[in-house]
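Data file: my_file-v6.pdb. Format and content: PDB, C-alpha atoms, pLDDT in the B column.
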MODEL        1
ATOM      1  CA  MET W   1     -11.156   6.710 -32.540  1.00 39.00           C
ATOM      2  CA  SER W   2      -8.766   6.568 -35.478  1.00 40.00           C
ATOM      3  CA  PRO W   3      -5.550   4.482 -35.488  1.00 41.00           C
ATOM      4  CA  ASP W   4      -3.601   7.765 -35.255  1.00 43.00           C
ATOM      5  CA  ASP W   5      -5.534   8.680 -32.100  1.00 40.00           C
ATOM      6  CA  VAL W   6      -4.760   5.268 -30.589  1.00 40.00           C
ATOM      7  CA  GLU W   7      -1.052   5.744 -31.329  1.00 42.00           C
ATOM      8  CA  GLN W   8      -1.043   9.228 -29.807  1.00 41.00           C
ATOM      9  CA  ASP W   9      -2.996   8.064 -26.733  1.00 43.00           C
ATOM     10  CA  ALA W  10      -0.671   5.085 -26.266  1.00 42.00           C
ATOM     11  CA  ALA W  11       2.419   7.278 -26.436  1.00 41.00           C
ATOM     12  CA  THR W  12       0.897   9.774 -23.995  1.00 42.00           C
ATOM     13  CA  LEU W  13      -0.120   7.056 -21.533  1.00 42.00           C
ATOM     14  CA  ALA W  14       3.317   5.451 -21.566  1.00 43.00           C
ATOM     15  CA  LYS W  15       4.977   8.604 -20.243  1.00 43.00           C
ATOM     16  CA  GLY W  16       5.840   8.507 -16.589  1.00 42.00           C
ATOM     17  CA  ASP W  17       8.305   6.869 -14.271  1.00 44.00           C
ATOM     18  CA  GLY W  18       8.335   3.631 -12.324  1.00 43.00           C
ATOM     19  CA  HIS W  19       5.031   2.161 -11.225  1.00 42.00           C
ATOM     20  CA  VAL W  20       2.838   4.874 -12.739  1.00 45.00           C
ATOM     21  CA  GLY W  21       4.673   4.514 -16.055  1.00 65.00           C
ATOM     22  CA  HIS W  22       4.125   0.751 -16.043  1.00 68.00           C
ATOM     23  CA  LEU W  23       0.428   1.165 -15.206  1.00 73.00           C
ATOM     24  CA  ASN W  24      -0.067   3.651 -18.023  1.00 90.00           C
ATOM     25  CA  ALA W  25       1.931   1.511 -20.444  1.00 92.00           C
ATOM     26  CA  SER W  26      -0.085  -1.547 -19.395  1.00 94.00           C
ATOM     27  CA  MET W  27      -3.357   0.192 -20.215  1.00 95.00           C
ATOM     28  CA  ALA W  28      -2.026   1.389 -23.555  1.00 95.00           C
ATOM     29  CA  ILE W  29      -0.702  -2.080 -24.480  1.00 97.00           C
ATOM     30  CA  SER W  30      -4.017  -3.723 -23.523  1.00 97.00           C
ATOM     31  CA  ASN W  31      -5.882  -1.266 -25.761  1.00 96.00           C
ATOM     32  CA  GLU W  32      -3.449  -1.890 -28.607  1.00 96.00           C
ATOM     33  CA  MET W  33      -3.836  -5.681 -28.325  1.00 97.00           C
ATOM     34  CA  VAL W  34      -7.647  -5.414 -28.372  1.00 97.00           C
ATOM     35  CA  ARG W  35      -7.406  -3.250 -31.499  1.00 96.00           C
ATOM     36  CA  LEU W  36      -4.965  -5.682 -33.079  1.00 95.00           C
ATOM     37  CA  TYR W  37      -7.194  -8.695 -32.383  1.00 94.00           C
ATOM     38  CA  LYS W  38     -10.122  -6.849 -33.972  1.00 94.00           C
ATOM     39  CA  ASP W  39      -7.998  -6.073 -37.022  1.00 92.00           C
ATOM     40  CA  GLN W  40      -6.459  -9.562 -37.319  1.00 89.00           C
ATOM     41  CA  PHE W  41      -9.429 -11.766 -36.409  1.00 87.00           C
ATOM     42  CA  GLY W  42     -12.454  -9.558 -37.010  1.00 89.00           C
ATOM     43  CA  ARG W  43     -13.429  -9.678 -33.351  1.00 89.00           C
ATOM     44  CA  GLY W  44     -11.735  -8.366 -30.237  1.00 91.00           C
ATOM     45  CA  PRO W  45     -11.518 -10.022 -26.829  1.00 95.00           C
ATOM     46  CA  THR W  46     -14.010  -9.048 -24.140  1.00 94.00           C
ATOM     47  CA  LYS W  47     -11.245  -8.530 -21.546  1.00 96.00           C
ATOM     48  CA  ALA W  48      -7.576  -7.645 -21.779  1.00 97.00           C
ATOM     49  CA  ARG W  49      -5.095  -7.244 -18.958  1.00 97.00           C
ATOM     50  CA  THR W  50      -1.407  -6.377 -19.252  1.00 97.00           C
ATOM     51  CA  THR W  51       1.047  -6.938 -16.426  1.00 96.00           C
ATOM     52  CA  TRP W  52       4.786  -6.541 -15.986  1.00 95.00           C
ATOM     53  CA  GLY W  53       6.980  -9.338 -14.665  1.00 95.00           C
ATOM     54  CA  GLY W  54       9.960  -7.365 -13.466  1.00 92.00           C
ATOM     55  CA  SER W  55      11.316  -4.758 -15.827  1.00 91.00           C
ATOM     56  CA  ASP W  56      11.714  -6.883 -18.954  1.00 95.00           C
ATOM     57  CA  LEU W  57       8.580  -9.046 -19.302  1.00 97.00           C
ATOM     58  CA  VAL W  58       5.203  -7.830 -20.535  1.00 97.00           C
ATOM     59  CA  THR W  59       2.320 -10.324 -20.324  1.00 98.00           C
ATOM     60  CA  VAL W  60      -1.030  -9.680 -21.974  1.00 98.00           C
ATOM     61  CA  VAL W  61      -3.976 -11.938 -21.078  1.00 98.00           C
ATOM     62  CA  LEU W  62      -6.942 -11.709 -23.455  1.00 97.00           C
ATOM     63  CA  GLU W  63     -10.254 -13.403 -22.684  1.00 97.00           C
ATOM     64  CA  ASP W  64     -13.099 -14.549 -24.902  1.00 95.00           C
ATOM     65  CA  THR W  65     -11.106 -14.205 -28.132  1.00 95.00           C
ATOM     66  CA  LEU W  66     -12.831 -16.808 -30.310  1.00 94.00           C
ATOM     67  CA  THR W  67     -14.701 -15.932 -33.483  1.00 93.00           C
ATOM     68  CA  PRO W  68     -17.945 -17.757 -34.347  1.00 94.00           C
ATOM     69  CA  ALA W  69     -16.082 -19.911 -36.893  1.00 94.00           C
ATOM     70  CA  GLU W  70     -13.494 -20.841 -34.251  1.00 94.00           C
ATOM     71  CA  ARG W  71     -16.270 -21.777 -31.809  1.00 95.00           C
ATOM     72  CA  ASN W  72     -17.639 -24.116 -34.493  1.00 96.00           C
ATOM     73  CA  LEU W  73     -14.213 -25.772 -34.806  1.00 95.00           C
ATOM     74  CA  ILE W  74     -14.299 -26.403 -31.060  1.00 96.00           C
ATOM     75  CA  LYS W  75     -17.780 -27.924 -31.308  1.00 96.00           C
ATOM     76  CA  MET W  76     -16.340 -30.274 -33.939  1.00 97.00           C
ATOM     77  CA  GLY W  77     -13.528 -31.232 -31.570  1.00 96.00           C
ATOM     78  CA  GLU W  78     -10.880 -29.522 -33.717  1.00 96.00           C
ATOM     79  CA  HIS W  79      -8.910 -27.984 -30.840  1.00 96.00           C
ATOM     80  CA  GLN W  80      -5.477 -28.759 -32.255  1.00 95.00           C
ATOM     81  CA  ARG W  81      -6.413 -27.467 -35.703  1.00 96.00           C
ATOM     82  CA  LEU W  82      -7.644 -24.224 -34.110  1.00 95.00           C
ATOM     83  CA  ARG W  83      -4.442 -23.850 -32.054  1.00 94.00           C
ATOM     84  CA  ASP W  84      -2.352 -24.449 -35.178  1.00 95.00           C
ATOM     85  CA  LEU W  85      -4.343 -21.888 -37.185  1.00 93.00           C
ATOM     86  CA  ARG W  86      -4.121 -19.259 -34.450  1.00 91.00           C
ATOM     87  CA  MET W  87      -0.377 -19.763 -34.028  1.00 90.00           C
ATOM     88  CA  THR W  88       0.117 -19.475 -37.784  1.00 92.00           C
ATOM     89  CA  PHE W  89      -1.742 -16.153 -37.797  1.00 89.00           C
ATOM     90  CA  GLN W  90       0.073 -14.888 -34.689  1.00 86.00           C
ATOM     91  CA  TYR W  91       3.550 -15.630 -35.987  1.00 87.00           C
ATOM     92  CA  ALA W  92       2.716 -14.336 -39.463  1.00 92.00           C
ATOM     93  CA  SER W  93       1.982 -11.029 -37.694  1.00 93.00           C
ATOM     94  CA  VAL W  94       5.006 -10.702 -35.394  1.00 95.00           C
ATOM     95  CA  ARG W  95       5.689  -7.134 -36.520  1.00 95.00           C
ATOM     96  CA  GLU W  96       2.074  -6.081 -35.875  1.00 95.00           C
ATOM     97  CA  PHE W  97       2.197  -7.541 -32.348  1.00 96.00           C
ATOM     98  CA  CYS W  98       5.660  -6.227 -31.407  1.00 97.00           C
ATOM     99  CA  GLU W  99       5.413  -2.714 -32.863  1.00 96.00           C
ATOM    100  CA  PRO W 100       2.840  -1.333 -30.384  1.00 96.00           C
ATOM    101  CA  VAL W 101       4.760  -2.770 -27.423  1.00 97.00           C
ATOM    102  CA  GLU W 102       7.986  -1.217 -28.681  1.00 96.00           C
ATOM    103  CA  ARG W 103       6.293   2.122 -29.310  1.00 95.00           C
ATOM    104  CA  VAL W 104       4.595   2.232 -25.900  1.00 95.00           C
ATOM    105  CA  THR W 105       7.572   1.028 -23.850  1.00 95.00           C
ATOM    106  CA  GLY W 106      10.292   2.729 -25.887  1.00 94.00           C
ATOM    107  CA  ARG W 107      12.193  -0.583 -25.869  1.00 96.00           C
ATOM    108  CA  LYS W 108      12.778  -3.303 -28.440  1.00 97.00           C
ATOM    109  CA  VAL W 109      11.185  -6.723 -28.125  1.00 98.00           C
ATOM    110  CA  ARG W 110      13.705  -9.535 -27.666  1.00 98.00           C
ATOM    111  CA  ALA W 111      11.217 -12.425 -27.850  1.00 97.00           C
ATOM    112  CA  PHE W 112       7.514 -12.819 -28.635  1.00 97.00           C
ATOM    113  CA  ILE W 113       5.580 -15.849 -27.388  1.00 96.00           C
ATOM    114  CA  SER W 114       1.910 -16.367 -28.172  1.00 95.00           C
ATOM    115  CA  GLY W 115      -0.506 -18.974 -26.873  1.00 94.00           C
ATOM    116  CA  ILE W 116      -4.182 -19.870 -26.720  1.00 95.00           C
ATOM    117  CA  ASP W 117      -6.140 -22.337 -24.596  1.00 96.00           C
ATOM    118  CA  THR W 118      -9.060 -23.498 -26.705  1.00 95.00           C
ATOM    119  CA  GLU W 119     -10.505 -25.385 -23.718  1.00 94.00           C
ATOM    120  CA  ALA W 120     -10.769 -22.107 -21.748  1.00 94.00           C
ATOM    121  CA  ASP W 121     -13.025 -20.223 -24.163  1.00 90.00           C
ATOM    122  CA  GLY W 122     -10.132 -18.919 -26.215  1.00 92.00           C
ATOM    123  CA  LEU W 123      -8.121 -17.379 -23.397  1.00 96.00           C
ATOM    124  CA  ALA W 124      -4.976 -16.133 -25.094  1.00 96.00           C
ATOM    125  CA  THR W 125      -1.644 -14.811 -23.890  1.00 97.00           C
ATOM    126  CA  GLU W 126       0.902 -12.641 -25.605  1.00 97.00           C
ATOM    127  CA  LEU W 127       4.304 -12.482 -23.909  1.00 98.00           C
ATOM    128  CA  PHE W 128       6.959  -9.961 -24.800  1.00 98.00           C
ATOM    129  CA  VAL W 129      10.479 -10.170 -23.402  1.00 98.00           C
ATOM    130  CA  LEU W 130      12.122  -6.773 -23.789  1.00 98.00           C
ATOM    131  CA  HIS W 131      15.734  -5.939 -24.450  1.00 97.00           C
ATOM    132  CA  PRO W 132      17.390  -3.784 -21.769  1.00 96.00           C
ATOM    133  CA  GLU W 133      16.934  -0.027 -22.032  1.00 93.00           C
ATOM    134  CA  GLY W 134      19.417   1.480 -24.451  1.00 93.00           C
ATOM    135  CA  TYR W 135      19.767  -1.673 -26.562  1.00 95.00           C
ATOM    136  CA  ASP W 136      20.216  -0.599 -30.181  1.00 93.00           C
ATOM    137  CA  GLY W 137      20.365  -3.910 -32.040  1.00 93.00           C
ATOM    138  CA  PRO W 138      17.605  -5.629 -33.988  1.00 94.00           C
ATOM    139  CA  SER W 139      14.235  -6.347 -32.445  1.00 95.00           C
ATOM    140  CA  ARG W 140      12.235  -9.576 -32.713  1.00 95.00           C
ATOM    141  CA  SER W 141      10.112  -8.047 -35.456  1.00 90.00           C
ATOM    142  CA  ASP W 142      13.242  -7.288 -37.507  1.00 89.00           C
ATOM    143  CA  ARG W 143      14.233 -10.961 -37.347  1.00 83.00           C
ATOM    144  CA  SER W 144      10.771 -12.124 -38.435  1.00 73.00           C
ATOM    145  CA  GLU W 145      11.247 -10.698 -41.910  1.00 61.00           C
ATOM    146  CA  SER W 146      14.341 -12.788 -42.722  1.00 47.00           C
TER
ENDMDL
END
Please lay out the structure from this file as structure tokens.
Amino acid sequence: MSPDDVEQDAATLAKGDGHVGHLNASMAISNEMVRLYKDQFGRGPTKARTTWGGSDLVTVVLEDTLTPAERNLIKMGEHQRLRDLRMTFQYASVREFCEPVERVTGRKVRAFISGIDTEADGLATELFVLHPEGYDGPSRSDRSES
């Protein structure tokens, strides 16, 4: 599947109202995050689940995200170094993380929060707080380029 196909599928899945719309958007966002992890880290997670917390919070939980090199850092006891490296990569790629969520939901991201638990086999979370519908100001990704 090409990146264009993923974008078209994500936009198609996000259509719908209420619960069905959120379920379709959740699937599309999960797929986008797996693709993004593959692109950013060279390896995608084995599981991805996206849930909504109310109407403005999107939470993505990604499991088994570690690369072989990252697993070696853990064996060396370098958990903090690995967390620091991952966070550097995540926040250097704010636009890449926020853009698919904005495209799928049709709303701008207000805040992006990323985390990883190196003690839990690289379980990672990506949290997106969305602006209300109709908001036309800058998104989080716009502010990351300042």
- Message: I'd like to see the residues matched by the PyMOL selection byres ((chain W and resi 130) around 6) on this file, and ideally I'd get them as a PyMOL selection string.
- Response: chain W and resi 56+108-110+129+131
Writing out the chosen residues with C-alpha atoms as a PDB file, keeping the file's coordinate frame:
ATOM      1  CA  ASP W  56      11.714  -6.883 -18.954  1.00 95.00           C
ATOM      2  CA  LYS W 108      12.778  -3.303 -28.440  1.00 97.00           C
ATOM      3  CA  VAL W 109      11.185  -6.723 -28.125  1.00 98.00           C
ATOM      4  CA  ARG W 110      13.705  -9.535 -27.666  1.00 98.00           C
ATOM      5  CA  VAL W 129      10.479 -10.170 -23.402  1.00 98.00           C
ATOM      6  CA  HIS W 131      15.734  -5.939 -24.450  1.00 97.00           C
TER       7      HIS W 131
END
- Item | Distance criterion (all atoms listed in the file): nearest to W:Ala25 out of W:Pro138, W:Pro68, W:Pro45, W:Pro100 |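 Ranking W:Pro138, W:Pro68, W:Pro45, W:Pro100 by distance to W:Ala25, first place goes to W:Pro100.
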- Item | All residues 12 Å or closer to W:Ala120, all atoms listed in the file, same chain fewer than 6 positions away omitted, as a list in words | Leu62, Glu63, Asp64, Thr65, Leu66, Arg71, Ile74 and His79 of chain W
- Message: For a test of reading the model, state the distance in Å between atom CA of W:Ile29 and atom CA of W:Ala69, rounded to one decimal.
- Response: 26.6 Å
- Message: For a cutoff of 10 Å around the file-coordinate point (5.2, -7.8, -26.8), which residues qualify once you count only C-alpha atoms? I'd like the result as number ranges by chain.
- Response: W: 29, 33, 57-60, 94-102, 105, 108-114, 126-130, 140-141
- Query: Mind pulling up the distance from atom CA of W:Thr67 to atom CA of W:Glu119?
  - Reply: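 Spanning atom CA of W:Glu119 to atom CA of W:Thr67 is a straight-line distance of 14.2 Å.
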- Item | Exercise: W:Met27 partners within 8 Å, all atoms listed in the file, chain neighbours under 3 positions left out, as a PyMOL selection string | chain W and resi 13+23-24+30-31+49-50
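The two atoms in question, atom CA of W:Gly42 and atom CA of W:Glu78, are spaced 20.3 Å apart.
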- Item | Pick from W:Gly44, W:Leu123, W:Arg107, W:Thr51 nearest to W:Ala28, counting all atoms listed in the file |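 For W:Ala28, the nearest of the candidates is W:Thr51.
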- Message: Measuring between all atoms listed in the file, which one of W:Ala48, W:Ala92, W:Leu85, W:Leu73 shows the shortest distance to W:Glu32?
- Response: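 When distances to W:Glu32 are compared using all atoms listed in the file, the smallest one comes from W:Ala48.
With distances taken over all atoms listed in the file, W:Ser55 is the one residue among W:Lys38, W:Thr46, W:Ser55, W:Ser93 lying closest to W:Pro132.
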